[in-house]
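Coordinates from upload_24.cif are shown below (mmCIF, C-alpha atoms).
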data_entry
loop_
_atom_site.group_PDB
_atom_site.id
_atom_site.type_symbol
_atom_site.label_atom_id
_atom_site.label_comp_id
_atom_site.auth_asym_id
_atom_site.auth_seq_id
_atom_site.Cartn_x
_atom_site.Cartn_y
_atom_site.Cartn_z
ATOM 1 C CA PRO J 1 -34.842 12.654 60.822
ATOM 2 C CA ARG J 2 -32.845 15.673 59.649
ATOM 3 C CA ARG J 3 -34.368 18.870 60.969
ATOM 4 C CA ALA J 4 -32.977 22.335 61.380
ATOM 5 C CA ARG J 5 -32.038 23.625 64.790
ATOM 6 C CA GLY J 6 -33.055 26.981 66.210
ATOM 7 C CA PHE J 7 -35.561 28.461 63.758
ATOM 8 C CA ALA J 8 -38.920 27.442 62.311
ATOM 9 C CA ALA J 9 -40.054 28.127 58.776
ATOM 10 C CA ALA J 10 -42.125 31.252 58.288
ATOM 11 C CA ALA J 11 -45.709 30.043 58.271
ATOM 12 C CA ALA J 12 -48.096 31.546 55.776
ATOM 13 C CA PRO J 13 -51.582 32.468 57.074
ATOM 14 C CA ALA J 14 -52.903 29.360 55.337
ATOM 15 C CA GLY J 15 -51.746 26.796 52.858
ATOM 16 C CA VAL J 16 -48.343 26.605 51.300
ATOM 17 C CA ASN J 17 -45.451 28.861 52.319
ATOM 18 C CA LEU J 18 -44.510 30.933 49.294
ATOM 19 C CA VAL J 19 -41.090 32.528 48.867
ATOM 20 C CA GLU J 20 -41.096 35.191 46.168
ATOM 21 C CA VAL J 21 -37.698 35.209 44.466
ATOM 22 C CA GLY J 22 -38.520 37.582 41.611
ATOM 23 C CA PRO J 23 -36.612 40.610 42.957
ATOM 24 C CA ARG J 24 -33.450 38.518 43.214
ATOM 25 C CA ASP J 25 -33.519 35.364 41.099
ATOM 26 C CA GLY J 26 -35.924 36.998 38.686
ATOM 27 C CA LEU J 27 -33.898 40.148 38.043
ATOM 28 C CA GLN J 28 -30.309 38.934 38.416
ATOM 29 C CA ASN J 29 -30.095 37.766 34.817
ATOM 30 C CA GLU J 30 -31.630 40.873 33.223
ATOM 31 C CA LYS J 31 -29.144 42.380 30.785
ATOM 32 C CA GLY J 32 -30.424 45.937 31.066
ATOM 33 C CA HIS J 33 -29.918 47.838 34.313
ATOM 34 C CA VAL J 34 -32.935 47.764 36.617
ATOM 35 C CA ASP J 35 -32.935 50.861 38.803
ATOM 36 C CA VAL J 36 -33.441 50.948 42.560
ATOM 37 C CA ASP J 37 -36.828 52.660 42.299
ATOM 38 C CA THR J 38 -38.172 49.793 40.190
ATOM 39 C CA LYS J 39 -36.786 47.127 42.520
ATOM 40 C CA VAL J 40 -38.232 48.846 45.577
ATOM 41 C CA GLU J 41 -41.618 49.319 43.947
ATOM 42 C CA LEU J 42 -41.668 45.661 42.896
ATOM 43 C CA VAL J 43 -41.188 44.538 46.490
ATOM 44 C CA ARG J 44 -43.774 46.978 47.801
ATOM 45 C CA ARG J 45 -46.358 45.817 45.256
ATOM 46 C CA LEU J 46 -45.744 42.197 46.228
ATOM 47 C CA VAL J 47 -46.203 43.026 49.914
ATOM 48 C CA ARG J 48 -49.476 44.800 49.144
ATOM 49 C CA GLY J 49 -50.619 41.607 47.436
ATOM 50 C CA GLY J 50 -50.046 39.621 50.621
ATOM 51 C CA VAL J 51 -46.660 38.055 49.856
ATOM 52 C CA GLN J 52 -44.805 37.664 53.145
ATOM 53 C CA THR J 53 -41.369 36.266 52.335
ATOM 54 C CA ILE J 54 -39.445 38.059 49.597
ATOM 55 C CA GLU J 55 -35.883 37.555 48.416
ATOM 56 C CA VAL J 56 -34.957 41.179 47.772
ATOM 57 C CA GLY J 57 -31.395 40.815 46.507
ATOM 58 C CA ALA J 58 -27.953 39.317 46.956
ATOM 59 C CA PHE J 59 -24.750 40.484 48.592
ATOM 60 C CA VAL J 60 -22.488 38.967 45.982
ATOM 61 C CA SER J 61 -19.631 40.203 43.805
ATOM 62 C CA PRO J 62 -20.884 43.124 41.683
ATOM 63 C CA THR J 63 -18.533 41.948 38.954
ATOM 64 C CA ALA J 64 -20.124 38.509 38.866
ATOM 65 C CA VAL J 65 -23.741 39.687 39.190
ATOM 66 C CA PRO J 66 -23.880 43.440 38.476
ATOM 67 C CA GLN J 67 -27.671 43.537 38.717
ATOM 68 C CA MET J 68 -27.405 42.883 42.462
ATOM 69 C CA ALA J 69 -24.780 45.574 43.151
ATOM 70 C CA ASP J 70 -27.378 47.936 44.653
ATOM 71 C CA THR J 71 -28.980 45.451 47.055
ATOM 72 C CA ALA J 72 -27.914 47.470 50.123
ATOM 73 C CA GLU J 73 -29.619 50.565 48.718
ATOM 74 C CA VAL J 74 -32.780 48.577 47.916
ATOM 75 C CA VAL J 75 -32.957 47.269 51.490
ATOM 76 C CA LYS J 76 -32.296 50.749 52.892
ATOM 77 C CA ARG J 77 -35.134 52.212 50.848
ATOM 78 C CA LEU J 78 -37.487 49.463 51.990
ATOM 79 C CA LEU J 79 -36.594 49.868 55.654
ATOM 80 C CA GLN J 80 -36.546 53.669 55.588
ATOM 81 C CA PRO J 81 -39.596 54.711 53.537
ATOM 82 C CA GLY J 82 -39.644 58.188 52.100
ATOM 83 C CA ASP J 83 -42.333 60.833 52.412
ATOM 84 C CA GLY J 84 -45.720 59.404 51.510
ATOM 85 C CA GLU J 85 -44.442 55.818 51.475
ATOM 86 C CA GLU J 86 -46.039 53.316 53.833
ATOM 87 C CA ASP J 87 -43.854 51.165 56.059
ATOM 88 C CA ILE J 88 -43.750 47.720 54.428
ATOM 89 C CA TYR J 89 -44.063 46.006 57.808
ATOM 90 C CA ALA J 90 -47.263 47.932 58.443
ATOM 91 C CA MET J 91 -48.617 46.917 55.037
ATOM 92 C CA SER J 92 -48.951 43.252 56.033
ATOM 93 C CA PRO J 93 -50.711 42.242 59.274
ATOM 94 C CA GLN J 94 -49.175 38.752 58.929
ATOM 95 C CA GLY J 95 -45.671 40.181 58.790
ATOM 96 C CA VAL J 96 -42.980 40.498 56.126
ATOM 97 C CA ARG J 97 -39.592 38.849 55.859
ATOM 98 C CA LEU J 98 -36.889 40.363 53.661
ATOM 99 C CA VAL J 99 -34.293 37.805 52.589
ATOM 100 C CA ALA J 100 -30.896 38.279 50.920
ATOM 101 C CA LEU J 101 -28.482 35.796 49.400
ATOM 102 C CA THR J 102 -25.070 35.725 51.141
ATOM 103 C CA PRO J 103 -22.336 33.478 49.687
ATOM 104 C CA ASN J 104 -19.695 34.156 52.317
ATOM 105 C CA GLU J 105 -18.799 36.071 55.481
ATOM 106 C CA LYS J 106 -18.280 39.299 53.560
ATOM 107 C CA GLY J 107 -21.771 38.994 52.117
ATOM 108 C CA LEU J 108 -23.166 38.253 55.568
ATOM 109 C CA GLU J 109 -21.523 41.352 57.028
ATOM 110 C CA ALA J 110 -23.124 43.468 54.312
ATOM 111 C CA ALA J 111 -26.514 41.831 54.844
ATOM 112 C CA LEU J 112 -26.401 42.390 58.600
ATOM 113 C CA ALA J 113 -25.373 46.012 58.089
ATOM 114 C CA ALA J 114 -28.278 46.489 55.680
ATOM 115 C CA GLY J 115 -30.765 45.048 58.158
ATOM 116 C CA VAL J 116 -32.376 42.126 56.339
ATOM 117 C CA ASP J 117 -34.568 39.748 58.309
ATOM 118 C CA GLU J 118 -32.985 36.569 56.996
ATOM 119 C CA VAL J 119 -30.093 35.353 54.871
ATOM 120 C CA ALA J 120 -29.785 32.517 52.396
ATOM 121 C CA VAL J 121 -26.716 30.393 51.664
ATOM 122 C CA PHE J 122 -26.145 28.212 48.656
ATOM 123 C CA THR J 123 -24.212 25.295 47.263
ATOM 124 C CA ALA J 124 -24.821 22.702 44.552
ATOM 125 C CA VAL J 125 -24.717 18.998 43.877
ATOM 126 C CA SER J 126 -22.451 19.600 40.892
ATOM 127 C CA GLU J 127 -18.745 20.313 41.339
ATOM 128 C CA SER J 128 -18.580 22.010 37.935
ATOM 129 C CA PHE J 129 -21.487 24.336 38.671
ATOM 130 C CA THR J 130 -20.097 25.213 42.108
ATOM 131 C CA LYS J 131 -16.715 26.025 40.578
ATOM 132 C CA ALA J 132 -18.342 28.289 37.976
ATOM 133 C CA ASN J 133 -20.705 29.911 40.484
ATOM 134 C CA THR J 134 -18.490 30.428 43.537
ATOM 135 C CA ASN J 135 -15.006 29.397 42.373
ATOM 136 C CA CYS J 136 -14.667 26.611 44.911
ATOM 137 C CA THR J 137 -15.463 22.941 45.444
ATOM 138 C CA VAL J 138 -18.691 21.748 47.017
ATOM 139 C CA ALA J 139 -16.771 20.838 50.193
ATOM 140 C CA GLU J 140 -15.243 24.308 50.315
ATOM 141 C CA SER J 141 -18.664 25.892 49.782
ATOM 142 C CA LEU J 142 -19.998 23.965 52.769
ATOM 143 C CA GLU J 143 -17.105 25.256 54.874
ATOM 144 C CA ARG J 144 -18.014 28.808 53.854
ATOM 145 C CA ILE J 145 -21.653 28.161 54.671
ATOM 146 C CA GLN J 146 -20.745 26.908 58.132
ATOM 147 C CA LYS J 147 -18.996 30.218 58.834
ATOM 148 C CA VAL J 148 -21.981 32.175 57.528
ATOM 149 C CA THR J 149 -24.476 30.242 59.631
ATOM 150 C CA ARG J 150 -22.422 30.731 62.785
ATOM 151 C CA GLY J 151 -22.188 34.467 62.149
ATOM 152 C CA ALA J 152 -25.886 34.738 61.347
ATOM 153 C CA PHE J 153 -26.954 32.836 64.441
ATOM 154 C CA ALA J 154 -24.700 35.011 66.585
ATOM 155 C CA ALA J 155 -26.722 37.953 65.245
ATOM 156 C CA ASN J 156 -29.994 36.045 65.789
ATOM 157 C CA ILE J 157 -30.693 35.913 62.047
ATOM 158 C CA PRO J 158 -32.260 32.763 60.543
ATOM 159 C CA VAL J 159 -30.596 31.039 57.609
ATOM 160 C CA ARG J 160 -32.196 29.338 54.634
ATOM 161 C CA GLY J 161 -30.208 26.944 52.450
ATOM 162 C CA TYR J 162 -30.149 26.339 48.703
ATOM 163 C CA VAL J 163 -28.917 23.307 46.802
ATOM 164 C CA SER J 164 -28.661 23.858 43.046
ATOM 165 C CA CYS J 165 -28.670 21.352 40.169
ATOM 166 C CA VAL J 166 -30.704 18.741 42.057
ATOM 167 C CA MET J 167 -32.232 17.312 38.866
ATOM 168 C CA GLY J 168 -29.703 18.338 36.235
ATOM 169 C CA CYS J 169 -26.592 20.438 35.653
ATOM 170 C CA PRO J 170 -25.611 22.678 32.711
ATOM 171 C CA TYR J 171 -22.083 21.252 32.835
ATOM 172 C CA GLU J 172 -22.492 17.651 34.029
ATOM 173 C CA GLY J 173 -25.804 16.703 32.454
ATOM 174 C CA LEU J 174 -28.816 14.850 33.819
ATOM 175 C CA ASP J 175 -27.113 11.921 35.533
ATOM 176 C CA VAL J 176 -27.572 13.236 39.077
ATOM 177 C CA ASP J 177 -26.344 11.479 42.206
ATOM 178 C CA TYR J 178 -29.544 11.782 44.247
ATOM 179 C CA ASP J 179 -27.913 10.265 47.316
ATOM 180 C CA ARG J 180 -25.547 13.225 47.188
ATOM 181 C CA VAL J 181 -28.540 15.584 47.052
ATOM 182 C CA ALA J 182 -29.747 13.999 50.278
ATOM 183 C CA ARG J 183 -26.328 14.195 51.950
ATOM 184 C CA ILE J 184 -25.793 17.862 51.100
ATOM 185 C CA THR J 185 -29.337 18.707 52.176
ATOM 186 C CA SER J 186 -28.692 16.963 55.486
ATOM 187 C CA ASP J 187 -25.430 18.878 55.877
ATOM 188 C CA LEU J 188 -27.237 22.207 55.525
ATOM 189 C CA LEU J 189 -29.934 21.193 57.999
ATOM 190 C CA ASP J 190 -27.294 20.026 60.454
ATOM 191 C CA MET J 191 -25.611 23.434 60.161
ATOM 192 C CA GLY J 192 -28.874 25.009 61.302
ATOM 193 C CA CYS J 193 -30.644 26.019 58.102
ATOM 194 C CA TYR J 194 -34.315 26.031 59.046
ATOM 195 C CA GLU J 195 -35.239 25.021 55.506
ATOM 196 C CA VAL J 196 -33.453 23.842 52.373
ATOM 197 C CA SER J 197 -34.639 24.878 48.929
ATOM 198 C CA LEU J 198 -33.930 22.292 46.243
ATOM 199 C CA GLY J 199 -33.208 23.931 42.903
ATOM 200 C CA ASP J 200 -33.896 22.409 39.511
ATOM 201 C CA THR J 201 -31.582 25.054 38.101
ATOM 202 C CA ILE J 202 -31.929 24.204 34.415
ATOM 203 C CA GLY J 203 -35.545 23.054 34.581
ATOM 204 C CA THR J 204 -34.995 19.568 33.176
ATOM 205 C CA GLY J 205 -36.593 17.679 36.068
ATOM 206 C CA ASN J 206 -39.711 15.600 35.458
ATOM 207 C CA PHE J 207 -41.859 13.157 37.437
ATOM 208 C CA SER J 208 -39.286 10.395 37.199
ATOM 209 C CA ALA J 209 -36.405 12.610 38.308
ATOM 210 C CA PHE J 210 -38.395 14.074 41.177
ATOM 211 C CA TYR J 211 -39.445 10.680 42.522
ATOM 212 C CA LYS J 212 -35.868 9.389 42.348
ATOM 213 C CA MET J 213 -34.725 12.425 44.300
ATOM 214 C CA ALA J 214 -37.580 12.115 46.779
ATOM 215 C CA GLU J 215 -36.747 8.464 47.396
ATOM 216 C CA ALA J 216 -33.117 9.329 48.111
ATOM 217 C CA LEU J 217 -34.159 12.121 50.478
ATOM 218 C CA GLU J 218 -36.534 9.834 52.319
ATOM 219 C CA GLN J 219 -33.908 7.113 52.648
ATOM 220 C CA GLY J 220 -31.484 9.787 53.881
ATOM 221 C CA GLY J 221 -33.855 10.653 56.725
ATOM 222 C CA VAL J 222 -34.770 14.134 55.479
ATOM 223 C CA ASP J 223 -38.163 15.464 56.550
ATOM 224 C CA PHE J 224 -40.004 16.819 53.525
ATOM 225 C CA ASP J 225 -41.717 19.587 55.502
ATOM 226 C CA VAL J 226 -38.378 21.419 55.848
ATOM 227 C CA LEU J 227 -37.809 21.365 52.087
ATOM 228 C CA ALA J 228 -38.759 23.893 49.433
ATOM 229 C CA ALA J 229 -39.294 23.412 45.711
ATOM 230 C CA HIS J 230 -37.292 25.855 43.584
ATOM 231 C CA PHE J 231 -38.038 24.690 40.056
ATOM 232 C CA HIS J 232 -37.194 26.566 36.865
ATOM 233 C CA ASP J 233 -39.606 26.230 33.973
ATOM 234 C CA THR J 234 -37.256 25.783 31.010
ATOM 235 C CA TYR J 235 -39.026 22.637 29.806
ATOM 236 C CA GLY J 236 -42.471 23.542 31.138
ATOM 237 C CA GLN J 237 -42.145 21.131 34.054
ATOM 238 C CA ALA J 238 -41.986 23.513 37.021
ATOM 239 C CA LEU J 239 -45.671 23.625 37.951
ATOM 240 C CA PRO J 240 -46.391 19.875 37.630
ATOM 241 C CA ASN J 241 -43.247 19.100 39.618
ATOM 242 C CA ILE J 242 -44.283 21.573 42.318
ATOM 243 C CA LEU J 243 -47.705 19.958 42.638
ATOM 244 C CA VAL J 244 -46.090 16.536 43.004
ATOM 245 C CA ALA J 245 -43.715 17.980 45.612
ATOM 246 C CA LEU J 246 -46.621 19.394 47.616
ATOM 247 C CA GLU J 247 -48.463 16.080 47.490
ATOM 248 C CA SER J 248 -45.242 14.424 48.669
ATOM 249 C CA GLY J 249 -45.002 16.633 51.761
ATOM 250 C CA PHE J 250 -43.096 19.760 50.732
ATOM 251 C CA ARG J 251 -44.657 22.837 52.314
ATOM 252 C CA THR J 252 -42.692 25.695 50.746
ATOM 253 C CA VAL J 253 -42.392 26.790 47.127
ATOM 254 C CA ASP J 254 -40.131 29.408 45.548
ATOM 255 C CA THR J 255 -41.766 31.290 42.690
ATOM 256 C CA SER J 256 -41.064 34.376 40.608
ATOM 257 C CA VAL J 257 -43.677 36.943 39.646
ATOM 258 C CA GLY J 258 -44.201 36.967 35.893
ATOM 259 C CA GLY J 259 -41.991 33.887 35.633
ATOM 260 C CA LEU J 260 -38.958 36.188 35.681
ATOM 261 C CA GLY J 261 -35.493 34.766 35.943
ATOM 262 C CA GLY J 262 -32.704 32.589 34.771
ATOM 263 C CA CYS J 263 -29.210 31.828 35.989
ATOM 264 C CA PRO J 264 -25.953 33.546 34.958
ATOM 265 C CA TYR J 265 -24.219 30.160 35.130
ATOM 266 C CA ALA J 266 -26.865 28.076 33.347
ATOM 267 C CA LYS J 267 -27.193 29.250 29.750
ATOM 268 C CA GLY J 268 -30.702 28.850 28.381
ATOM 269 C CA ALA J 269 -32.379 28.268 31.756
ATOM 270 C CA SER J 270 -35.646 30.171 32.019
ATOM 271 C CA GLY J 271 -37.228 31.647 35.121
ATOM 272 C CA ASN J 272 -38.847 29.979 38.073
ATOM 273 C CA ALA J 273 -42.438 28.870 38.113
ATOM 274 C CA ALA J 274 -44.583 31.985 37.819
ATOM 275 C CA THR J 275 -46.108 33.042 41.131
ATOM 276 C CA GLU J 276 -49.436 33.774 39.441
ATOM 277 C CA ASP J 277 -49.616 30.322 37.833
ATOM 278 C CA LEU J 278 -49.012 28.588 41.151
ATOM 279 C CA LEU J 279 -51.646 30.710 42.908
ATOM 280 C CA TRP J 280 -54.178 29.797 40.216
ATOM 281 C CA ALA J 281 -53.262 26.096 40.430
ATOM 282 C CA LEU J 282 -53.815 26.084 44.209
ATOM 283 C CA LYS J 283 -57.144 27.958 44.214
ATOM 284 C CA GLY J 284 -59.688 26.105 46.319
ATOM 285 C CA SER J 285 -57.191 23.549 47.598
ATOM 286 C CA GLU J 286 -55.787 22.993 51.074
ATOM 287 C CA PHE J 287 -52.531 24.515 49.823
ATOM 288 C CA GLU J 288 -53.997 27.855 48.746
ATOM 289 C CA PRO J 289 -52.119 30.697 50.484
ATOM 290 C CA ALA J 290 -53.732 33.940 51.605
ATOM 291 C CA ILE J 291 -52.318 35.978 48.732
ATOM 292 C CA ASP J 292 -54.247 38.235 46.352
ATOM 293 C CA LEU J 293 -53.874 36.617 42.921
ATOM 294 C CA ASP J 294 -55.212 39.639 41.039
ATOM 295 C CA ALA J 295 -52.767 41.977 42.773
ATOM 296 C CA VAL J 296 -49.836 39.678 42.066
ATOM 297 C CA ALA J 297 -50.900 39.252 38.436
ATOM 298 C CA GLU J 298 -51.080 43.025 38.025
ATOM 299 C CA THR J 299 -47.610 43.278 39.557
ATOM 300 C CA GLY J 300 -46.327 40.663 37.115
ATOM 301 C CA ALA J 301 -47.763 42.585 34.179
ATOM 302 C CA TRP J 302 -46.293 45.824 35.534
ATOM 303 C CA ILE J 303 -42.735 44.537 36.019
ATOM 304 C CA CYS J 304 -42.671 42.746 32.666
ATOM 305 C CA ASP J 305 -43.789 45.979 30.988
ATOM 306 C CA LYS J 306 -41.072 47.908 32.858
ATOM 307 C CA LEU J 307 -38.458 45.414 31.692
ATOM 308 C CA GLY J 308 -39.784 45.356 28.132
ATOM 309 C CA ARG J 309 -40.183 41.607 28.122
ATOM 310 C CA SER J 310 -43.034 39.170 27.602
ATOM 311 C CA ASN J 311 -44.889 37.848 30.617
ATOM 312 C CA ALA J 312 -44.087 34.158 31.151
ATOM 313 C CA SER J 313 -47.140 33.656 33.369
ATOM 314 C CA LYS J 314 -50.009 32.116 31.443
ATOM 315 C CA CYS J 315 -52.390 32.997 34.263
ATOM 316 C CA SER J 316 -51.352 36.652 34.281
ATOM 317 C CA THR J 317 -51.739 36.845 30.502
ATOM 318 C CA ALA J 318 -55.213 35.301 30.673
ATOM 319 C CA LEU J 319 -56.350 37.607 33.473
ATOM 320 C CA ALA J 320 -55.012 40.655 31.622
ATOM 321 C CA ALA J 321 -57.077 39.704 28.555
ATOM 322 C CA LYS J 322 -60.226 39.851 30.709
ATOM 323 C CA ARG J 323 -59.564 43.319 32.070
ATOM 324 C CA PRO J 324 -61.219 46.338 30.455
ATOM 325 C CA ALA J 325 -58.995 48.040 27.885
ATOM 326 C CA SER J 326 -58.689 51.120 30.092
ATOM 327 C CA ALA J 327 -57.488 49.081 33.092
#

Using structure tokens, write down the structure from this file.
Amino acid sequence: PRRARGFAAAAAPAGVNLVEVGPRDGLQNEKGHVDVDTKVELVRRLVRGGVQTIEVGAFVSPTAVPQMADTAEVVKRLLQPGDGEEDIYAMSPQGVRLVALTPNEKGLEAALAAGVDEVAVFTAVSESFTKANTNCTVAESLERIQKVTRGAFAANIPVRGYVSCVMGCPYEGLDVDYDRVARITSDLLDMGCYEVSLGDTIGTGNFSAFYKMAEALEQGGVDFDVLAAHFHDTYGQALPNILVALESGFRTVDTSVGGLGGCPYAKGASGNAATEDLLWALKGSEFEPAIDLDAVAETGAWICDKLGRSNASKCSTALAAKRPASA
């Protein structure tokens, strides 16, 4: 079976491992500038709610993704708290892991200089999407990733992998080569990624698509417990697909507080599954993580208000309606 070498996935205190991608995937597509203070406060609120693994930004071209241009400053502020600010690592007895997206060696150098705990690399099943996203072929992206993983391991930094467009592509449609999903996933695991997050980038996946992908992964010898579900909710399918993934053996889920997000290279794609909605869905189950739903829901309401946008989390909206008017 295909397993990563060198690092184990960050285990949550109980239940599913949750990776909060709101500060990166959630904010990267916002048209209005989101200031550093807001980004830092968002991460700190999530940590207070018990979220352990948080994707705080991306060391990518500021021209391509201007919203992520201040990632180094965000990390600095988090690692060097100001007067009256609590150390984020002291805020969580279970520990905190700050993750940043790094597309190449230059991005890795910036991430290492900033002091993140972990980096993430990414590629896609689709040649067209990869060309639009990183201006290279899938094969070339894998070569870049190999260089990043070697550099990260030399610095004793774990690497997480992403594969985009696993159930549909904004350029190539819904006819996905699931065997290719399995091969690319295996490639990332063989390079040492401790976990690979499978992205339904445009949110078109459904039960049928997921099972076809799962069958290809199984036949390709990929262990499901080193896979993560990263499902966008464009067609309202993210949460049901996540639940099927968990029942199938996935143990990590990427979510975004308030359902924030989208993709600069996938027009019309909405955000990831809302963190609050997943926490509600898992209440009382063996998958329930030790995260404070009320705190996360309040954070979702807060950030959506700051951004001047509607809250995509149905759970957060329902909980807010129950709070006293003065709350």

- Mind telling me what the PyMOL selection byres ((chain J and resi 46-57) around 8) catches here, as a ChimeraX atom specification? /J:10,12,18-25,42-45,58-59,68,71,74-75,88,91-92,94-101,290-293,295-296,299

- Message: Set the distance at 10 Å and use only C-alpha atoms: which residues neighbour Ile184 in chain J once local chain neighbours fewer than 6 positions away are removed? I'd like the list as a PyMOL selection string.
- Response: chain J and resi 123-125+138-139+142+162-163+178+190+196

Give me a file of those residues, with C-alpha atoms, as a compact mmCIF listing (two decimals), in the coordinates of the input.
# COMPACT_ATOMS: atom_id res chain seq x y z
CA THR J 123 -24.21 25.30 47.26
CA ALA J 124 -24.82 22.70 44.55
CA VAL J 125 -24.72 19.00 43.88
CA VAL J 138 -18.69 21.75 47.02
CA ALA J 139 -16.77 20.84 50.19
CA LEU J 142 -20.00 23.96 52.77
CA TYR J 162 -30.15 26.34 48.70
CA VAL J 163 -28.92 23.31 46.80
CA TYR J 178 -29.54 11.78 44.25
CA ASP J 190 -27.29 20.03 60.45
CA VAL J 196 -33.45 23.84 52.37

Residues within 9 Å of Ile303 in chain J, all atoms listed in the file, excluding chain neighbours under 5 positions, as a PDB file with C-alpha atoms, keeping the file's coordinate frame:
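File produced: result.pdb:
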ATOM      1  CA  THR J  38     -38.172  49.793  40.190  1.00  0.00           C
ATOM      2  CA  LEU J  42     -41.668  45.661  42.896  1.00  0.00           C
ATOM      3  CA  VAL J 257     -43.677  36.943  39.646  1.00  0.00           C
ATOM      4  CA  GLY J 258     -44.201  36.967  35.893  1.00  0.00           C
ATOM      5  CA  GLU J 298     -51.080  43.025  38.025  1.00  0.00           C
ATOM      6  CA  GLY J 308     -39.784  45.356  28.132  1.00  0.00           C
ATOM      7  CA  ARG J 309     -40.183  41.607  28.122  1.00  0.00           C
ATOM      8  CA  ASN J 311     -44.889  37.848  30.617  1.00  0.00           C
TER       9      ASN J 311
END

- Query: Written as a list in words, which residues does the PyMOL selection byres ((chain J and resi 204-209) around 7) give for the file shown?
  - Reply: Met167, Gly168, Asp200, Ile202, Gly203, Phe210, Tyr211, Lys212, Met213, Thr234, Tyr235, Gln237 and Asn241 of chain J

Once the PyMOL selection byres ((chain J and resi 313-315) around 12) has been evaluated on this model, what residues remain selected, and can you format them as a compact mmCIF listing (two decimals) with C-alpha atoms, keeping the file's coordinate frame?
# COMPACT_ATOMS: atom_id res chain seq x y z
CA ASP J 233 -39.61 26.23 33.97
CA GLY J 236 -42.47 23.54 31.14
CA ALA J 238 -41.99 23.51 37.02
CA LEU J 239 -45.67 23.62 37.95
CA THR J 255 -41.77 31.29 42.69
CA SER J 256 -41.06 34.38 40.61
CA VAL J 257 -43.68 36.94 39.65
CA GLY J 258 -44.20 36.97 35.89
CA GLY J 259 -41.99 33.89 35.63
CA LEU J 260 -38.96 36.19 35.68
CA GLY J 261 -35.49 34.77 35.94
CA GLY J 271 -37.23 31.65 35.12
CA ASN J 272 -38.85 29.98 38.07
CA ALA J 273 -42.44 28.87 38.11
CA ALA J 274 -44.58 31.98 37.82
CA THR J 275 -46.11 33.04 41.13
CA GLU J 276 -49.44 33.77 39.44
CA ASP J 277 -49.62 30.32 37.83
CA LEU J 278 -49.01 28.59 41.15
CA LEU J 279 -51.65 30.71 42.91
CA TRP J 280 -54.18 29.80 40.22
CA ALA J 281 -53.26 26.10 40.43
CA LEU J 293 -53.87 36.62 42.92
CA ASP J 294 -55.21 39.64 41.04
CA VAL J 296 -49.84 39.68 42.07
CA ALA J 297 -50.90 39.25 38.44
CA GLU J 298 -51.08 43.02 38.02
CA THR J 299 -47.61 43.28 39.56
CA GLY J 300 -46.33 40.66 37.12
CA ALA J 301 -47.76 42.58 34.18
CA CYS J 304 -42.67 42.75 32.67
CA ARG J 309 -40.18 41.61 28.12
CA SER J 310 -43.03 39.17 27.60
CA ASN J 311 -44.89 37.85 30.62
CA ALA J 312 -44.09 34.16 31.15
CA SER J 316 -51.35 36.65 34.28
CA THR J 317 -51.74 36.84 30.50
CA ALA J 318 -55.21 35.30 30.67
CA LEU J 319 -56.35 37.61 33.47
CA ALA J 320 -55.01 40.66 31.62
CA ALA J 321 -57.08 39.70 28.56
CA LYS J 322 -60.23 39.85 30.71

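As for CA of Ala182 in chain J and CA of Ala155 in chain J, they are spaced 28.4 Å apart.
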
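The interatomic distance for the pair CA of Lys39 in chain J and CA of Tyr194 in chain J works out to 26.9 Å.
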
- What gap, in Å, lies between CA of Ile145 in chain J and CA of Glu73 in chain J? 24.5 Å
